[in-house]
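Source file run17.pdb; content: PDB, N, CA and C atoms, pLDDT in the B column.
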ATOM      1  N   ALA A 267     202.463 -65.117  -8.381  1.00 88.00           N
ATOM      2  CA  ALA A 267     201.692 -66.230  -7.861  1.00 88.00           C
ATOM      3  C   ALA A 267     200.773 -66.794  -8.951  1.00 88.00           C
ATOM      4  N   LEU A 268     200.221 -65.929  -9.785  1.00 91.00           N
ATOM      5  CA  LEU A 268     199.331 -66.397 -10.851  1.00 91.00           C
ATOM      6  C   LEU A 268     200.095 -67.247 -11.862  1.00 91.00           C
ATOM      7  N   LEU A 269     201.312 -66.844 -12.204  1.00 91.00           N
ATOM      8  CA  LEU A 269     202.108 -67.622 -13.155  1.00 91.00           C
ATOM      9  C   LEU A 269     202.457 -68.995 -12.598  1.00 91.00           C
ATOM     10  N   VAL A 270     202.717 -69.077 -11.294  1.00 92.00           N
ATOM     11  CA  VAL A 270     202.989 -70.366 -10.656  1.00 92.00           C
ATOM     12  C   VAL A 270     201.717 -71.209 -10.658  1.00 92.00           C
ATOM     13  N   GLU A 271     200.592 -70.603 -10.324  1.00 91.00           N
ATOM     14  CA  GLU A 271     199.314 -71.317 -10.291  1.00 91.00           C
ATOM     15  C   GLU A 271     198.970 -71.908 -11.652  1.00 91.00           C
ATOM     16  N   LYS A 272     199.274 -71.176 -12.720  1.00 93.00           N
ATOM     17  CA  LYS A 272     198.957 -71.620 -14.081  1.00 93.00           C
ATOM     18  C   LYS A 272     200.017 -72.553 -14.654  1.00 93.00           C
ATOM     19  N   GLY A 273     201.116 -72.806 -13.916  1.00 93.00           N
ATOM     20  CA  GLY A 273     202.156 -73.703 -14.384  1.00 93.00           C
ATOM     21  C   GLY A 273     203.114 -73.079 -15.376  1.00 93.00           C
ATOM     22  N   ILE A 274     203.098 -71.753 -15.488  1.00 94.00           N
ATOM     23  CA  ILE A 274     203.969 -71.046 -16.426  1.00 94.00           C
ATOM     24  C   ILE A 274     205.341 -70.810 -15.815  1.00 94.00           C
ATOM     25  N   ALA A 275     205.385 -70.565 -14.520  1.00 94.00           N
ATOM     26  CA  ALA A 275     206.646 -70.327 -13.808  1.00 94.00           C
ATOM     27  C   ALA A 275     206.653 -71.180 -12.553  1.00 94.00           C
ATOM     28  N   GLU A 276     207.853 -71.383 -12.010  1.00 94.00           N
ATOM     29  CA  GLU A 276     207.985 -72.125 -10.763  1.00 94.00           C
ATOM     30  C   GLU A 276     209.075 -71.483  -9.929  1.00 94.00           C
ATOM     31  N   PRO A 277     209.062 -71.737  -8.613  1.00 94.00           N
ATOM     32  CA  PRO A 277     210.093 -71.154  -7.759  1.00 94.00           C
ATOM     33  C   PRO A 277     211.490 -71.454  -8.312  1.00 94.00           C
ATOM     34  N   GLY A 278     212.328 -70.424  -8.320  1.00 95.00           N
ATOM     35  CA  GLY A 278     213.667 -70.516  -8.885  1.00 95.00           C
ATOM     36  C   GLY A 278     213.760 -69.845 -10.246  1.00 95.00           C
ATOM     37  N   ASP A 279     212.603 -69.593 -10.888  1.00 96.00           N
ATOM     38  CA  ASP A 279     212.577 -68.909 -12.180  1.00 96.00           C
ATOM     39  C   ASP A 279     212.726 -67.408 -11.994  1.00 96.00           C
ATOM     40  N   HIS A 280     213.025 -66.732 -13.097  1.00 96.00           N
ATOM     41  CA  HIS A 280     213.030 -65.270 -13.152  1.00 96.00           C
ATOM     42  C   HIS A 280     212.001 -64.866 -14.204  1.00 96.00           C
ATOM     43  N   VAL A 281     211.296 -63.786 -13.943  1.00 95.00           N
ATOM     44  CA  VAL A 281     210.288 -63.265 -14.865  1.00 95.00           C
ATOM     45  C   VAL A 281     210.670 -61.837 -15.206  1.00 95.00           C
ATOM     46  N   ILE A 282     210.577 -61.494 -16.489  1.00 95.00           N
ATOM     47  CA  ILE A 282     210.869 -60.125 -16.924  1.00 95.00           C
ATOM     48  C   ILE A 282     209.548 -59.415 -17.175  1.00 95.00           C
ATOM     49  N   LEU A 283     209.375 -58.273 -16.536  1.00 92.00           N
ATOM     50  CA  LEU A 283     208.183 -57.450 -16.680  1.00 92.00           C
ATOM     51  C   LEU A 283     208.574 -56.174 -17.412  1.00 92.00           C
ATOM     52  N   THR A 284     207.894 -55.873 -18.513  1.00 87.00           N
ATOM     53  CA  THR A 284     208.154 -54.629 -19.240  1.00 87.00           C
ATOM     54  C   THR A 284     206.883 -53.798 -19.273  1.00 87.00           C
ATOM     55  N   ARG A 285     207.064 -52.492 -19.335  1.00 84.00           N
ATOM     56  CA  ARG A 285     205.914 -51.601 -19.460  1.00 84.00           C
ATOM     57  C   ARG A 285     206.372 -50.273 -20.036  1.00 84.00           C
ATOM     58  N   GLY A 286     205.420 -49.520 -20.520  1.00 81.00           N
ATOM     59  CA  GLY A 286     205.693 -48.191 -21.044  1.00 81.00           C
ATOM     60  C   GLY A 286     204.754 -47.194 -20.406  1.00 81.00           C
ATOM     61  N   ASP A 287     205.227 -45.992 -20.239  1.00 76.00           N
ATOM     62  CA  ASP A 287     204.412 -44.960 -19.597  1.00 76.00           C
ATOM     63  C   ASP A 287     203.431 -44.285 -20.554  1.00 76.00           C
ATOM     64  N   HIS A 288     203.695 -44.368 -21.845  1.00 73.00           N
ATOM     65  CA  HIS A 288     202.842 -43.679 -22.814  1.00 73.00           C
ATOM     66  C   HIS A 288     202.006 -44.695 -23.586  1.00 73.00           C
ATOM     67  N   MET A 289     200.715 -44.663 -23.388  1.00 70.00           N
ATOM     68  CA  MET A 289     199.816 -45.578 -24.080  1.00 70.00           C
ATOM     69  C   MET A 289     199.791 -45.260 -25.573  1.00 70.00           C
ATOM     70  N   ASN A 290     199.678 -46.307 -26.383  1.00 70.00           N
ATOM     71  CA  ASN A 290     199.574 -46.194 -27.843  1.00 70.00           C
ATOM     72  C   ASN A 290     200.768 -45.523 -28.494  1.00 70.00           C
ATOM     73  N   ALA A 291     201.917 -45.532 -27.843  1.00 70.00           N
ATOM     74  CA  ALA A 291     203.131 -44.952 -28.432  1.00 70.00           C
ATOM     75  C   ALA A 291     204.022 -46.105 -28.876  1.00 70.00           C
ATOM     76  N   HIS A 292     204.353 -46.156 -30.148  1.00 74.00           N
ATOM     77  CA  HIS A 292     205.213 -47.201 -30.686  1.00 74.00           C
ATOM     78  C   HIS A 292     206.602 -47.108 -30.062  1.00 74.00           C
ATOM     79  N   GLY A 293     207.089 -48.234 -29.558  1.00 73.00           N
ATOM     80  CA  GLY A 293     208.424 -48.243 -28.949  1.00 73.00           C
ATOM     81  C   GLY A 293     208.470 -47.528 -27.616  1.00 73.00           C
ATOM     82  N   GLY A 294     207.351 -47.484 -26.913  1.00 74.00           N
ATOM     83  CA  GLY A 294     207.273 -46.716 -25.678  1.00 74.00           C
ATOM     84  C   GLY A 294     207.684 -47.462 -24.421  1.00 74.00           C
ATOM     85  N   THR A 295     208.251 -48.670 -24.555  1.00 77.00           N
ATOM     86  CA  THR A 295     208.667 -49.410 -23.361  1.00 77.00           C
ATOM     87  C   THR A 295     209.867 -48.719 -22.740  1.00 77.00           C
ATOM     88  N   ASN A 296     209.713 -48.322 -21.473  1.00 82.00           N
ATOM     89  CA  ASN A 296     210.822 -47.633 -20.829  1.00 82.00           C
ATOM     90  C   ASN A 296     211.094 -48.143 -19.421  1.00 82.00           C
ATOM     91  N   THR A 297     210.463 -49.240 -19.043  1.00 86.00           N
ATOM     92  CA  THR A 297     210.697 -49.817 -17.727  1.00 86.00           C
ATOM     93  C   THR A 297     210.835 -51.327 -17.877  1.00 86.00           C
ATOM     94  N   LEU A 298     211.867 -51.887 -17.245  1.00 90.00           N
ATOM     95  CA  LEU A 298     212.088 -53.327 -17.246  1.00 90.00           C
ATOM     96  C   LEU A 298     212.426 -53.741 -15.828  1.00 90.00           C
ATOM     97  N   LYS A 299     211.709 -54.759 -15.317  1.00 94.00           N
ATOM     98  CA  LYS A 299     211.991 -55.296 -13.986  1.00 94.00           C
ATOM     99  C   LYS A 299     212.237 -56.786 -14.118  1.00 94.00           C
ATOM    100  N   ILE A 300     213.238 -57.278 -13.420  1.00 96.00           N
ATOM    101  CA  ILE A 300     213.502 -58.709 -13.358  1.00 96.00           C
ATOM    102  C   ILE A 300     213.042 -59.165 -11.983  1.00 96.00           C
ATOM    103  N   LEU A 301     212.078 -60.077 -11.967  1.00 94.00           N
ATOM    104  CA  LEU A 301     211.473 -60.532 -10.722  1.00 94.00           C
ATOM    105  C   LEU A 301     211.872 -61.972 -10.442  1.00 94.00           C
ATOM    106  N   ASP A 302     212.171 -62.279  -9.191  1.00 95.00           N
ATOM    107  CA  ASP A 302     212.476 -63.641  -8.762  1.00 95.00           C
ATOM    108  C   ASP A 302     211.184 -64.328  -8.341  1.00 95.00           C
ATOM    109  N   VAL A 303     210.978 -65.535  -8.804  1.00 94.00           N
ATOM    110  CA  VAL A 303     209.853 -66.356  -8.346  1.00 94.00           C
ATOM    111  C   VAL A 303     210.403 -67.240  -7.232  1.00 94.00           C
ATOM    112  N   ASP A 304     209.799 -67.164  -6.056  1.00 92.00           N
ATOM    113  CA  ASP A 304     210.281 -67.985  -4.951  1.00 92.00           C
ATOM    114  C   ASP A 304     209.136 -68.733  -4.282  1.00 92.00           C
ATOM    115  N   GLU A 305     209.443 -69.435  -3.221  1.00 89.00           N
ATOM    116  CA  GLU A 305     208.450 -70.302  -2.561  1.00 89.00           C
ATOM    117  C   GLU A 305     207.219 -69.547  -2.061  1.00 89.00           C
ATOM    118  N   ARG A 306     207.348 -68.277  -1.731  1.00 86.00           N
ATOM    119  CA  ARG A 306     206.177 -67.539  -1.234  1.00 86.00           C
ATOM    120  C   ARG A 306     205.119 -67.355  -2.316  1.00 86.00           C
ATOM    121  N   HIS A 307     205.492 -67.557  -3.595  1.00 82.00           N
ATOM    122  CA  HIS A 307     204.536 -67.429  -4.697  1.00 82.00           C
ATOM    123  C   HIS A 307     203.741 -68.711  -4.934  1.00 82.00           C
ATOM    124  N   ARG A 308     204.135 -69.788  -4.277  1.00 82.00           N
ATOM    125  CA  ARG A 308     203.418 -71.072  -4.403  1.00 82.00           C
ATOM    126  C   ARG A 308     202.144 -70.983  -3.562  1.00 82.00           C
ATOM    127  N   GLY A 309     201.026 -71.403  -4.146  1.00 72.00           N
ATOM    128  CA  GLY A 309     199.745 -71.347  -3.436  1.00 72.00           C
ATOM    129  C   GLY A 309     199.712 -72.240  -2.213  1.00 72.00           C
ATOM    130  N   ALA A 310     198.852 -71.892  -1.284  1.00 53.00           N
ATOM    131  CA  ALA A 310     198.729 -72.678  -0.042  1.00 53.00           C
ATOM    132  C   ALA A 310     197.854 -73.891  -0.248  1.00 53.00           C
TER     133      ALA A 310
END

As structure tokens, please, write out the structure in this file.
Amino acid sequence: ALLVEKGIAEPGDHVILTRGDHMNAHGGTNTLKILDVDERHRGA
């Protein structure tokens, strides 16, 4: 919803979220999620 509010994403887009479980570890990204942006993310 924040990305839609800021004009970075819009319904119909896909957003990739990455994260790592170990802080300060080089190359520690071990989780990737692909998220759908849809109409429910548009502000009221």

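Evaluated on this file, the PyMOL selection byres ((chain A and resi 296-301) around 6) matches Asp279, His280, Val281, Ile282, Leu283, Thr284, Arg285, Gly286, Asp287, Gly294, Thr295, Asp302 and Val303 of chain A.
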
Build an axis-aligned box that encloses every atom of range 301-309 of chain A listed in the file, pad it by 5 Å on each side, and report its centre and edge lengths in Å to one decimal, as lines of an AutoDock Vina configuration file.
center_x = 206.1
center_y = -66.2
center_z = -6.6
size_x = 22.8
size_y = 22.2
size_z = 20.7

Target residues per the PyMOL selection byres (((chain A and resi 276 and name CA) around 9) and name CA), formatted as a PDB file with N, CA and C atoms, in the coordinates of the input:
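Here's the written file expr.pdb:
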ATOM      1  N   LEU A 269     201.312 -66.844 -12.204  1.00 91.00           N
ATOM      2  CA  LEU A 269     202.108 -67.622 -13.155  1.00 91.00           C
ATOM      3  C   LEU A 269     202.457 -68.995 -12.598  1.00 91.00           C
ATOM      4  N   VAL A 270     202.717 -69.077 -11.294  1.00 92.00           N
ATOM      5  CA  VAL A 270     202.989 -70.366 -10.656  1.00 92.00           C
ATOM      6  C   VAL A 270     201.717 -71.209 -10.658  1.00 92.00           C
ATOM      7  N   GLU A 271     200.592 -70.603 -10.324  1.00 91.00           N
ATOM      8  CA  GLU A 271     199.314 -71.317 -10.291  1.00 91.00           C
ATOM      9  C   GLU A 271     198.970 -71.908 -11.652  1.00 91.00           C
ATOM     10  N   GLY A 273     201.116 -72.806 -13.916  1.00 93.00           N
ATOM     11  CA  GLY A 273     202.156 -73.703 -14.384  1.00 93.00           C
ATOM     12  C   GLY A 273     203.114 -73.079 -15.376  1.00 93.00           C
ATOM     13  N   ILE A 274     203.098 -71.753 -15.488  1.00 94.00           N
ATOM     14  CA  ILE A 274     203.969 -71.046 -16.426  1.00 94.00           C
ATOM     15  C   ILE A 274     205.341 -70.810 -15.815  1.00 94.00           C
ATOM     16  N   ALA A 275     205.385 -70.565 -14.520  1.00 94.00           N
ATOM     17  CA  ALA A 275     206.646 -70.327 -13.808  1.00 94.00           C
ATOM     18  C   ALA A 275     206.653 -71.180 -12.553  1.00 94.00           C
ATOM     19  N   PRO A 277     209.062 -71.737  -8.613  1.00 94.00           N
ATOM     20  CA  PRO A 277     210.093 -71.154  -7.759  1.00 94.00           C
ATOM     21  C   PRO A 277     211.490 -71.454  -8.312  1.00 94.00           C
ATOM     22  N   GLY A 278     212.328 -70.424  -8.320  1.00 95.00           N
ATOM     23  CA  GLY A 278     213.667 -70.516  -8.885  1.00 95.00           C
ATOM     24  C   GLY A 278     213.760 -69.845 -10.246  1.00 95.00           C
ATOM     25  N   ASP A 279     212.603 -69.593 -10.888  1.00 96.00           N
ATOM     26  CA  ASP A 279     212.577 -68.909 -12.180  1.00 96.00           C
ATOM     27  C   ASP A 279     212.726 -67.408 -11.994  1.00 96.00           C
ATOM     28  N   HIS A 280     213.025 -66.732 -13.097  1.00 96.00           N
ATOM     29  CA  HIS A 280     213.030 -65.270 -13.152  1.00 96.00           C
ATOM     30  C   HIS A 280     212.001 -64.866 -14.204  1.00 96.00           C
ATOM     31  N   VAL A 303     210.978 -65.535  -8.804  1.00 94.00           N
ATOM     32  CA  VAL A 303     209.853 -66.356  -8.346  1.00 94.00           C
ATOM     33  C   VAL A 303     210.403 -67.240  -7.232  1.00 94.00           C
ATOM     34  N   ASP A 304     209.799 -67.164  -6.056  1.00 92.00           N
ATOM     35  CA  ASP A 304     210.281 -67.985  -4.951  1.00 92.00           C
ATOM     36  C   ASP A 304     209.136 -68.733  -4.282  1.00 92.00           C
ATOM     37  N   GLU A 305     209.443 -69.435  -3.221  1.00 89.00           N
ATOM     38  CA  GLU A 305     208.450 -70.302  -2.561  1.00 89.00           C
ATOM     39  C   GLU A 305     207.219 -69.547  -2.061  1.00 89.00           C
ATOM     40  N   HIS A 307     205.492 -67.557  -3.595  1.00 82.00           N
ATOM     41  CA  HIS A 307     204.536 -67.429  -4.697  1.00 82.00           C
ATOM     42  C   HIS A 307     203.741 -68.711  -4.934  1.00 82.00           C
ATOM     43  N   ARG A 308     204.135 -69.788  -4.277  1.00 82.00           N
ATOM     44  CA  ARG A 308     203.418 -71.072  -4.403  1.00 82.00           C
ATOM     45  C   ARG A 308     202.144 -70.983  -3.562  1.00 82.00           C
TER      46      ARG A 308
END

Problem - Sel. of alpha helix (DSSP H) residues, chain A, as a PyMOL selection string - result: chain A and resi 268-271

Practice task
Quote the spacing between CA of Met289 in chain A and atom C of Lys272 in chain A in Å to one decimal place.
Solution key: 28.6 Å

Exercise for the section: Name the residues of range 273-308 of chain A that fall into strand (DSSP E or B) according to DSSP on the backbone, using the chain letters and numbers of this document, as a ChimeraX atom specification. Expected result: /A:280-286,295-302
